[in-house]
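Below is query.tsv, holding TSV, C-alpha atoms.
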chain	number	residue	atom	x	y	z
F	222	MET	CA	-5.10	-4.60	15.19
F	223	LYS	CA	-6.12	-7.49	12.97
F	224	LYS	CA	-5.23	-6.73	9.32
F	225	VAL	CA	-3.85	-3.29	10.21
F	226	LEU	CA	-0.18	-4.21	10.09
F	227	PHE	CA	-0.70	-6.38	7.02
F	228	VAL	CA	-2.20	-3.46	5.12
F	229	PHE	CA	0.45	-1.10	6.40
F	230	TYR	CA	3.34	-3.35	5.38
F	231	THR	CA	1.66	-3.77	2.01
F	232	PHE	CA	1.67	-0.04	1.44
F	233	LEU	CA	5.18	0.29	2.81
F	234	LEU	CA	6.29	-1.80	-0.15
F	235	CYS	CA	4.01	-0.39	-2.83
F	236	ALA	CA	3.22	3.15	-1.75
F	237	LEU	CA	5.77	4.66	-4.12
F	238	THR	CA	5.22	3.37	-7.64
F	239	THR	CA	5.27	4.83	-11.17
F	240	PHE	CA	6.77	4.47	-14.65
F	241	ALA	CA	9.82	2.79	-16.28
F	242	GLN	CA	13.33	3.98	-15.58
F	243	THR	CA	16.52	4.64	-17.53
F	244	LYS	CA	18.74	6.67	-15.18
F	245	PRO	CA	21.50	5.15	-12.98
F	246	GLN	CA	19.97	2.91	-10.36
F	247	ALA	CA	19.08	4.33	-6.96
F	248	PHE	CA	19.88	1.02	-5.25
F	249	LYS	CA	22.38	-1.81	-5.39
F	250	ALA	CA	22.91	-5.32	-4.04
F	251	GLY	CA	23.61	-5.26	-0.32
F	252	GLU	CA	21.12	-2.51	0.48
F	253	TYR	CA	19.33	-2.99	3.81
F	254	LEU	CA	16.50	-0.84	5.18
F	255	LYS	CA	14.88	-1.22	8.59
F	256	PHE	CA	11.76	0.63	9.69
F	257	ARG	CA	10.27	0.89	13.16
F	258	VAL	CA	6.48	0.90	13.13
F	259	SER	CA	4.51	2.60	15.88
F	260	TYR	CA	0.79	2.54	16.63
F	261	GLY	CA	0.07	5.75	18.48
F	262	ILE	CA	2.65	5.85	21.29
F	263	LEU	CA	3.26	2.10	21.19
F	264	ASN	CA	6.01	0.29	19.29
F	265	ALA	CA	4.04	-2.02	17.03
F	266	GLY	CA	6.59	-3.79	14.86
F	267	ILE	CA	9.49	-3.86	12.46
F	268	ALA	CA	9.66	-3.89	8.66
F	269	GLU	CA	12.88	-4.82	6.83
F	270	LEU	CA	13.91	-4.76	3.18
F	271	THR	CA	17.01	-6.47	1.78
F	272	LEU	CA	18.35	-6.61	-1.76
F	273	SER	CA	20.81	-9.18	-3.12
F	274	GLU	CA	22.00	-10.56	-6.45
F	275	THR	CA	20.95	-13.98	-7.65
F	276	THR	CA	20.53	-16.09	-10.77
F	277	TYR	CA	17.07	-17.10	-11.91
F	278	LYS	CA	16.60	-19.33	-14.95
F	279	GLY	CA	20.16	-18.60	-15.99
F	280	LYS	CA	19.77	-14.84	-15.83
F	281	SER	CA	21.35	-12.46	-13.33
F	282	MET	CA	18.65	-10.77	-11.28
F	283	TYR	CA	17.96	-8.96	-8.04
F	284	HIS	CA	16.26	-10.78	-5.19
F	285	ALA	CA	14.35	-8.43	-2.91
F	286	LYS	CA	12.88	-9.57	0.38
F	287	GLY	CA	10.56	-7.62	2.64
F	288	ILE	CA	9.47	-8.88	6.03
F	289	GLY	CA	7.20	-7.34	8.63
F	290	TYR	CA	6.52	-8.56	12.14
F	291	THR	CA	4.96	-7.37	15.35
F	292	THR	CA	7.01	-6.80	18.51
F	293	GLY	CA	6.41	-6.27	22.24
F	294	LEU	CA	2.79	-6.05	23.40
F	295	SER	CA	1.56	-6.01	19.81
F	296	LYS	CA	3.08	-9.44	19.32
F	297	VAL	CA	1.37	-10.71	22.47
F	298	PHE	CA	-2.10	-9.57	21.36
F	299	PHE	CA	-1.75	-10.06	17.61
F	300	LYS	CA	1.22	-11.91	16.16
F	301	VAL	CA	2.20	-11.01	12.59
F	302	TYR	CA	4.99	-12.30	10.40
F	303	ASP	CA	4.77	-11.40	6.71
F	304	ASP	CA	7.32	-12.40	4.09
F	305	TYR	CA	7.18	-10.84	0.61
F	306	GLN	CA	9.84	-11.54	-2.02
F	307	SER	CA	10.47	-10.64	-5.65
F	308	TYR	CA	12.92	-11.68	-8.35
F	309	PHE	CA	13.29	-8.99	-11.00
F	310	GLU	CA	15.59	-7.97	-13.85
F	311	LYS	CA	18.40	-5.70	-12.78
F	312	ASP	CA	18.22	-3.13	-15.57
F	313	GLN	CA	14.51	-2.49	-16.02
F	314	VAL	CA	12.99	-3.92	-12.82
F	315	VAL	CA	10.81	-6.46	-14.63
F	316	PRO	CA	9.46	-9.00	-12.11
F	317	HIS	CA	9.63	-12.72	-12.96
F	318	ARG	CA	8.72	-14.39	-9.67
F	319	PHE	CA	7.18	-13.41	-6.36
F	320	ILE	CA	6.68	-15.11	-3.02
F	321	ARG	CA	4.05	-14.24	-0.43
F	322	LYS	CA	4.02	-15.97	2.95
F	323	ILE	CA	1.95	-14.36	5.66
F	324	ASP	CA	0.75	-15.24	9.15
F	325	GLU	CA	-1.47	-12.65	10.77
F	326	GLY	CA	-2.98	-13.92	13.96
F	327	GLY	CA	-3.77	-17.26	12.37
F	328	TYR	CA	-4.76	-15.88	8.96
F	329	THR	CA	-2.20	-17.41	6.60
F	330	LYS	CA	-1.20	-17.46	2.94
F	331	ASP	CA	1.58	-19.34	1.17
F	332	GLN	CA	1.79	-18.37	-2.49
F	333	GLU	CA	4.30	-18.15	-5.31
F	334	GLY	CA	3.80	-16.42	-8.64
F	335	PHE	CA	5.53	-16.75	-12.01
F	336	PHE	CA	5.19	-14.09	-14.72
F	337	ASP	CA	5.03	-15.11	-18.39
F	338	TYR	CA	5.29	-12.04	-20.61
F	339	THR	CA	4.94	-14.05	-23.80
F	340	LYS	CA	1.55	-15.40	-22.74
F	341	LYS	CA	0.80	-12.23	-20.74
F	342	ASN	CA	-0.23	-14.08	-17.63
F	343	VAL	CA	0.96	-14.98	-14.16
F	344	LEU	CA	0.77	-18.46	-12.71
F	345	VAL	CA	0.02	-18.38	-8.98
F	346	LYS	CA	0.66	-21.50	-6.95
F	347	ASP	CA	-1.25	-21.62	-3.69
F	348	TYR	CA	0.57	-24.15	-1.53
F	349	GLU	CA	-1.87	-23.84	1.34
F	350	LYS	CA	-4.93	-24.59	-0.79
F	351	LYS	CA	-2.95	-26.93	-3.05
F	352	LYS	CA	-4.14	-25.35	-6.28
F	353	GLU	CA	-2.82	-23.32	-9.22
F	354	SER	CA	-4.48	-20.38	-10.96
F	355	THR	CA	-3.54	-18.32	-14.02
F	356	TYR	CA	-4.40	-14.63	-14.26
F	357	PRO	CA	-4.05	-12.19	-17.21
F	358	ILE	CA	-1.57	-9.33	-16.90
F	359	VAL	CA	-0.57	-6.30	-18.92
F	360	SER	CA	2.91	-5.93	-20.41
F	361	GLU	CA	4.24	-3.42	-17.88
F	362	VAL	CA	3.19	-4.76	-14.50
F	363	GLN	CA	4.84	-4.89	-11.11
F	364	ASP	CA	4.40	-7.07	-8.07
F	365	ILE	CA	4.13	-5.51	-4.65
F	366	VAL	CA	7.87	-5.69	-3.87
F	367	SER	CA	9.38	-4.94	-7.27
F	368	ALA	CA	7.18	-1.82	-7.43
F	369	PHE	CA	9.10	-0.31	-4.52
F	370	TYR	CA	12.36	-0.48	-6.48
F	371	TYR	CA	10.70	0.38	-9.79
F	372	LEU	CA	9.81	3.85	-8.58
F	373	ARG	CA	13.19	4.76	-7.22
F	374	ASN	CA	14.71	4.76	-10.71
F	375	HIS	CA	11.98	6.87	-12.29
F	376	PRO	CA	13.89	9.32	-14.57
F	377	LYS	CA	11.45	12.18	-13.88
F	378	LEU	CA	11.15	11.76	-10.13
F	379	ASP	CA	13.17	14.91	-9.47
F	380	ASN	CA	11.10	16.94	-11.92
F	381	LEU	CA	7.55	16.15	-10.91
F	382	LYS	CA	5.27	19.15	-10.47
F	383	LYS	CA	3.30	19.67	-7.29
F	384	ASN	CA	-0.10	17.93	-7.41
F	385	GLU	CA	0.93	15.89	-10.45
F	386	ALA	CA	-0.40	12.34	-10.29
F	387	VAL	CA	1.25	9.20	-11.66
F	388	GLU	CA	-0.15	5.69	-12.03
F	389	ILE	CA	1.13	2.13	-12.39
F	390	ASP	CA	-0.29	-1.32	-13.07
F	391	MET	CA	0.29	-3.71	-10.18
F	392	PHE	CA	-0.61	-7.36	-9.71
F	393	PHE	CA	-1.83	-8.35	-6.26
F	394	ASP	CA	-4.28	-10.92	-4.91
F	395	GLY	CA	-5.28	-12.27	-8.31
F	396	GLU	CA	-5.85	-9.03	-10.17
F	397	VAL	CA	-4.12	-6.12	-11.86
F	398	PHE	CA	-5.13	-2.72	-10.53
F	399	ARG	CA	-4.15	0.87	-11.19
F	400	PHE	CA	-2.32	2.50	-8.33
F	401	LYS	CA	-2.43	6.31	-8.23
F	402	LEU	CA	0.15	8.52	-6.57
F	403	LEU	CA	0.07	12.26	-5.95
F	404	TYR	CA	3.22	14.37	-5.53
F	405	LEU	CA	2.80	16.89	-2.71
F	406	GLY	CA	6.09	18.76	-2.93
F	407	THR	CA	9.43	19.05	-1.14
F	408	THR	CA	9.95	19.48	2.58
F	409	GLU	CA	12.66	19.20	5.23
F	410	LEU	CA	12.04	16.17	7.42
F	411	LYS	CA	13.51	15.69	10.90
F	412	THR	CA	14.81	12.12	11.31
F	413	LYS	CA	17.05	10.28	13.78
F	414	PHE	CA	19.89	10.81	11.30
F	415	GLY	CA	19.36	14.57	11.09
F	416	LYS	CA	17.31	16.84	8.85
F	417	VAL	CA	16.79	15.42	5.37
F	418	LYS	CA	15.37	17.06	2.27
F	419	ALA	CA	12.42	14.91	1.29
F	420	LEU	CA	9.88	14.43	-1.49
F	421	SER	CA	6.35	13.98	-0.19
F	422	PHE	CA	3.76	11.70	-1.82
F	423	ARG	CA	0.17	10.69	-1.17
F	424	PRO	CA	-0.90	7.30	-2.50
F	425	TYR	CA	-4.62	7.07	-3.11
F	426	VAL	CA	-5.98	4.09	-1.19
F	427	MET	CA	-9.45	2.64	-0.85
F	428	ALA	CA	-11.39	3.97	2.11
F	429	GLY	CA	-13.11	1.40	4.28
F	430	ARG	CA	-12.58	-0.67	7.38
F	431	VAL	CA	-8.88	0.14	7.74
F	432	PHE	CA	-8.20	3.64	6.40
F	433	LYS	CA	-10.29	6.67	7.32
F	434	GLU	CA	-10.39	8.01	3.79
F	435	LYS	CA	-8.61	7.48	0.51
F	436	GLU	CA	-6.12	10.28	1.30
F	437	SER	CA	-5.05	8.83	4.65
F	438	LEU	CA	-1.52	7.74	3.67
F	439	THR	CA	1.54	9.98	3.27
F	440	VAL	CA	5.09	8.95	2.34
F	441	TRP	CA	8.33	10.95	2.56
F	442	VAL	CA	11.32	9.93	0.40
F	443	SER	CA	14.85	11.30	0.45
F	444	ALA	CA	15.38	13.84	-2.32
F	445	ASP	CA	18.91	12.57	-3.01
F	446	ALA	CA	20.13	9.84	-5.37
F	447	ASN	CA	18.92	7.05	-3.05
F	448	LYS	CA	15.22	7.94	-3.05
F	449	VAL	CA	14.89	5.96	0.16
F	450	PRO	CA	11.65	6.14	2.22
F	451	LEU	CA	12.19	8.07	5.43
F	452	ARG	CA	8.72	8.05	6.96
F	453	ILE	CA	5.28	6.64	6.24
F	454	LYS	CA	2.22	7.81	8.11
F	455	ALA	CA	-1.29	6.38	7.91
F	456	SER	CA	-4.57	7.45	9.49
F	457	LEU	CA	-6.58	4.36	10.34
F	458	ALA	CA	-10.21	3.72	11.21
F	459	VAL	CA	-8.95	3.55	14.81
F	460	GLY	CA	-5.76	5.48	15.62
F	461	SER	CA	-2.77	5.96	13.34
F	462	LEU	CA	0.39	4.15	12.28
F	463	LYS	CA	3.81	5.57	11.54
F	464	ALA	CA	6.97	3.95	10.21
F	465	ASP	CA	10.35	5.69	10.48
F	466	LEU	CA	13.61	4.63	8.91
F	467	GLU	CA	15.54	3.15	11.83
F	468	GLU	CA	18.63	1.71	10.19
F	469	TYR	CA	20.18	1.48	6.74
F	470	LYS	CA	23.30	0.27	4.94
F	471	GLY	CA	24.54	-0.34	1.42
F	472	LEU	CA	23.01	2.79	-0.15
F	473	VAL	CA	24.37	3.90	-3.53
F	474	SER	CA	25.34	7.26	-2.04
F	475	THR	CA	25.65	8.85	1.39
F	476	LEU	CA	22.30	9.97	2.80
F	477	LYS	CA	22.39	13.76	2.79
F	478	THR	CA	21.58	15.10	6.23
F	479	GLU	CA	21.87	18.33	8.20
F	480	LYS	CA	22.04	18.80	11.97
Output the file's structure in the form of structure tokens.
Amino acid sequence: MKKVLFVFYTFLLCALTTFAQTKPQAFKAGEYLKFRVSYGILNAGIAELTLSETTYKGKSMYHAKGIGYTTGLSKVFFKVYDDYQSYFEKDQVVPHRFIRKIDEGGYTKDQEGFFDYTKKNVLVKDYEKKKESTYPIVSEVQDIVSAFYYLRNHPKLDNLKKNEAVEIDMFFDGEVFRFKLLYLGTTELKTKFGKVKALSFRPYVMAGRVFKEKESLTVWVSADANKVPLRIKASLAVGSLKADLEEYKGLVSTLKTEK
């Protein structure tokens, strides 16, 4: 399963991304989301997202942290512990700093990035390689964690038409790339909390060694004010992965469910 969970956790955080937001926020400090990841019939790992308030360079911001780690037999055969963090402005979800610490079966990274919107670049400090690099960025760019929250405040999210695609600029691994998302429509999803009305999306990903094809990932998000991911399903080169919302707290409104 080398690289599989890393890629999956990556898309867990960035699968739902689009344009700027002006409506009341779909999240608040204290929000906690926990997802259980399964590989076929096996429990493969856990992914957790937490959001808190902090001060960065004298400005009040949100601090988001996403971690993913293998459990059970998956941990025995391939140990993963990924830590992604972002510091972004509370009103417009503009990222200023990101942290990426990963350990995937011995493959490690320890990086920190700092966005400079005046110079339109991002300074990435690689603590493992003991070097610094500067990369150009566009004015409206997201990191992999801030993108997750950026989408949830999209003012038109409730009015997207079926098969309408949206795109966003995202910085990851030393480059800015366009991420495309297709809206599939509304459905009723059965979850451990009950039946939930959900919006369905298909992020377009690069086919290759991990995913079967570029349309192999599907994401379901609650159709209420929270816009919280309920399920993520991915077809892989070998088998499939699924992540289900296992636990949550601190939502801005009660998750609407039916028995």
**Q.** Point-to-point distance in Å for CA of Tyr302 in chain F and CA of Ile323 in chain F
**A.** 6.0 Å
Q) For the point (18.1, 3.7, 9.4) in file coordinates, what residues are within 10 Å, counting only C-alpha atoms? Give the answer as a list of chain:residue names? A) F:Tyr253, F:Leu254, F:Lys255, F:Phe256, F:Arg257, F:Thr412, F:Lys413, F:Phe414, F:Pro450, F:Leu451, F:Asp465, F:Leu466, F:Glu467, F:Glu468, F:Tyr469, F:Lys470
Q: Could you tell me how far CA of Lys346 in chain F lies from CA of Val366 in chain F, in Å and to one decimal?
A: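 Those two atoms sit 17.6 Å apart.
CA of His375 in chain F sits 20.6 Å away from CA of Gly251 in chain F.
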Q: Show which residues sit within 7 Å of Leu438 in chain F, as a list in words. Count all atoms listed in the file, and ignore same-chain residues fewer than 5 positions away.
A: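 That gives Arg423, Pro424, Lys454, Ala455 and Ser456 of chain F.
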Q) Which of these, F:Tyr338, F:Arg399, F:Leu378, F:Leu457, has the shortest distance to Ala444 in chain F once you count all atoms listed in the file? A) F:Leu378
